[in-house]
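Asker: Can you read through this structure? Questions will come right after.
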Amino acid sequence: MSTTAPPAAKRVTSIDILRGLVMVIMALDHARDYFSNFKYDPTDLNHAGTVMFFTRWITHFCAPVFIFLAGTSTFLSMRKGKTLGEQSRHLFTRGLWLIILEITVVYFGWTSSLSTAPFTCRSSGPRVGA
């Protein structure tokens, strides 16, 4: 009797490409905040040029695209045979891991501090220009 491994799950390449593109756009926007000395709101056309305006404007589409892709991925996962309970557990566990990473790794990356401050009420990350 031969034992064969189950076929590897096929990924939808277009979803991965779109997700990667959105991450690059967001990284460029965040890098612009820290590596330029632009003092004005990039969407203020009285001060911002076309490129500066466009790099900020395009990022307004990133969060909706991420939400859309999360829903699409959930739908495709359900079509592959995951039950509602399995999918719910997967999403809940992923959410918990993201919260844990936010209050440990991400907080330490922003502050280089191991204090208990992540457990206080605060906004995510430092404020630019504050």
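For the structure tokens, the naming scheme is as follows: chains receive sequential letters (A, B, ...) according to their order of presentation, residues are indexed from 1 within each chain, and ligands are indexed from 1 in presentation order.
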Please give the complete set of residues from chain A that DSSP, run on the backbone, assigns to alpha helix (DSSP H), formatted as an mmCIF file with C-alpha atoms, in the first residue's frame.
Answerer:
```
data_model
loop_
_atom_site.group_PDB
_atom_site.id
_atom_site.type_symbol
_atom_site.label_atom_id
_atom_site.label_comp_id
_atom_site.auth_asym_id
_atom_site.auth_seq_id
_atom_site.Cartn_x
_atom_site.Cartn_y
_atom_site.Cartn_z
ATOM 1 C CA THR A 13 -1.653 33.998 -7.184
ATOM 2 C CA SER A 14 -3.652 37.139 -7.930
ATOM 3 C CA ILE A 15 -4.660 37.463 -4.264
ATOM 4 C CA ASP A 16 -1.029 37.141 -3.155
ATOM 5 C CA ILE A 17 0.121 39.695 -5.742
ATOM 6 C CA LEU A 18 -2.563 42.209 -4.724
ATOM 7 C CA ARG A 19 -1.786 41.698 -1.020
ATOM 8 C CA GLY A 20 1.929 42.226 -1.703
ATOM 9 C CA LEU A 21 1.263 45.353 -3.779
ATOM 10 C CA VAL A 22 -0.872 46.849 -1.007
ATOM 11 C CA MET A 23 1.865 46.117 1.566
ATOM 12 C CA VAL A 24 4.473 47.845 -0.609
ATOM 13 C CA ILE A 25 2.225 50.906 -1.033
ATOM 14 C CA MET A 26 1.658 51.108 2.739
ATOM 15 C CA ALA A 27 5.372 50.682 3.450
ATOM 16 C CA LEU A 28 6.187 53.542 1.062
ATOM 17 C CA ASP A 29 3.614 55.770 2.747
ATOM 18 C CA HIS A 30 4.967 55.028 6.219
ATOM 19 C CA ALA A 31 8.554 55.450 5.075
ATOM 20 C CA ARG A 32 7.633 58.856 3.616
ATOM 21 C CA ASP A 33 6.517 59.952 7.090
ATOM 22 C CA TYR A 34 9.874 59.098 8.647
ATOM 23 C CA PHE A 35 12.359 59.785 5.876
ATOM 24 C CA THR A 50 1.443 65.590 -7.647
ATOM 25 C CA VAL A 51 3.696 62.722 -6.560
ATOM 26 C CA MET A 52 3.384 63.557 -2.851
ATOM 27 C CA PHE A 53 -0.402 63.849 -3.153
ATOM 28 C CA PHE A 54 -0.706 60.613 -5.121
ATOM 29 C CA THR A 55 1.440 58.581 -2.692
ATOM 30 C CA ARG A 56 -0.854 59.586 0.174
ATOM 31 C CA TRP A 57 -4.101 59.385 -1.770
ATOM 32 C CA CYS A 62 -5.218 49.830 1.257
ATOM 33 C CA ALA A 63 -7.438 49.069 4.270
ATOM 34 C CA PRO A 64 -10.553 48.334 2.160
ATOM 35 C CA VAL A 65 -8.487 46.065 -0.095
ATOM 36 C CA PHE A 66 -7.130 44.176 2.933
ATOM 37 C CA ILE A 67 -10.660 43.689 4.295
ATOM 38 C CA PHE A 68 -11.872 42.555 0.867
ATOM 39 C CA LEU A 69 -8.991 40.073 0.578
ATOM 40 C CA ALA A 70 -9.650 38.742 4.089
ATOM 41 C CA GLY A 71 -13.261 38.056 3.146
ATOM 42 C CA THR A 72 -12.229 36.519 -0.159
ATOM 43 C CA SER A 73 -9.695 34.264 1.552
ATOM 44 C CA THR A 74 -12.294 33.194 4.118
ATOM 45 C CA PHE A 75 -14.768 32.385 1.351
ATOM 46 C CA LEU A 76 -12.183 30.362 -0.580
ATOM 47 C CA SER A 77 -11.151 28.514 2.589
ATOM 48 C CA MET A 78 -14.768 27.573 3.249
ATOM 49 C CA ARG A 79 -15.117 26.316 -0.340
ATOM 50 C CA LEU A 84 -17.703 27.160 9.986
ATOM 51 C CA GLY A 85 -16.326 26.105 13.385
ATOM 52 C CA GLU A 86 -12.847 25.415 11.993
ATOM 53 C CA GLN A 87 -12.790 28.727 10.135
ATOM 54 C CA SER A 88 -14.042 30.632 13.186
ATOM 55 C CA ARG A 89 -11.374 29.032 15.385
ATOM 56 C CA HIS A 90 -8.680 29.827 12.819
ATOM 57 C CA LEU A 91 -9.697 33.493 12.554
ATOM 58 C CA PHE A 92 -10.077 33.879 16.328
ATOM 59 C CA THR A 93 -6.640 32.342 16.955
ATOM 60 C CA ARG A 94 -5.049 34.540 14.273
ATOM 61 C CA GLY A 95 -6.653 37.616 15.858
ATOM 62 C CA LEU A 96 -5.302 36.689 19.289
ATOM 63 C CA TRP A 97 -1.794 36.228 17.875
ATOM 64 C CA LEU A 98 -1.979 39.640 16.194
ATOM 65 C CA ILE A 99 -3.011 41.249 19.487
ATOM 66 C CA ILE A 100 -0.169 39.495 21.328
ATOM 67 C CA LEU A 101 2.332 40.621 18.691
ATOM 68 C CA TYR A 107 5.342 47.981 21.080
ATOM 69 C CA PHE A 108 8.980 47.136 21.771
ATOM 70 C CA GLY A 109 9.875 48.121 18.205
ATOM 71 C CA TRP A 110 8.315 51.568 18.647
ATOM 72 C CA THR A 111 9.588 52.281 22.137
#
```
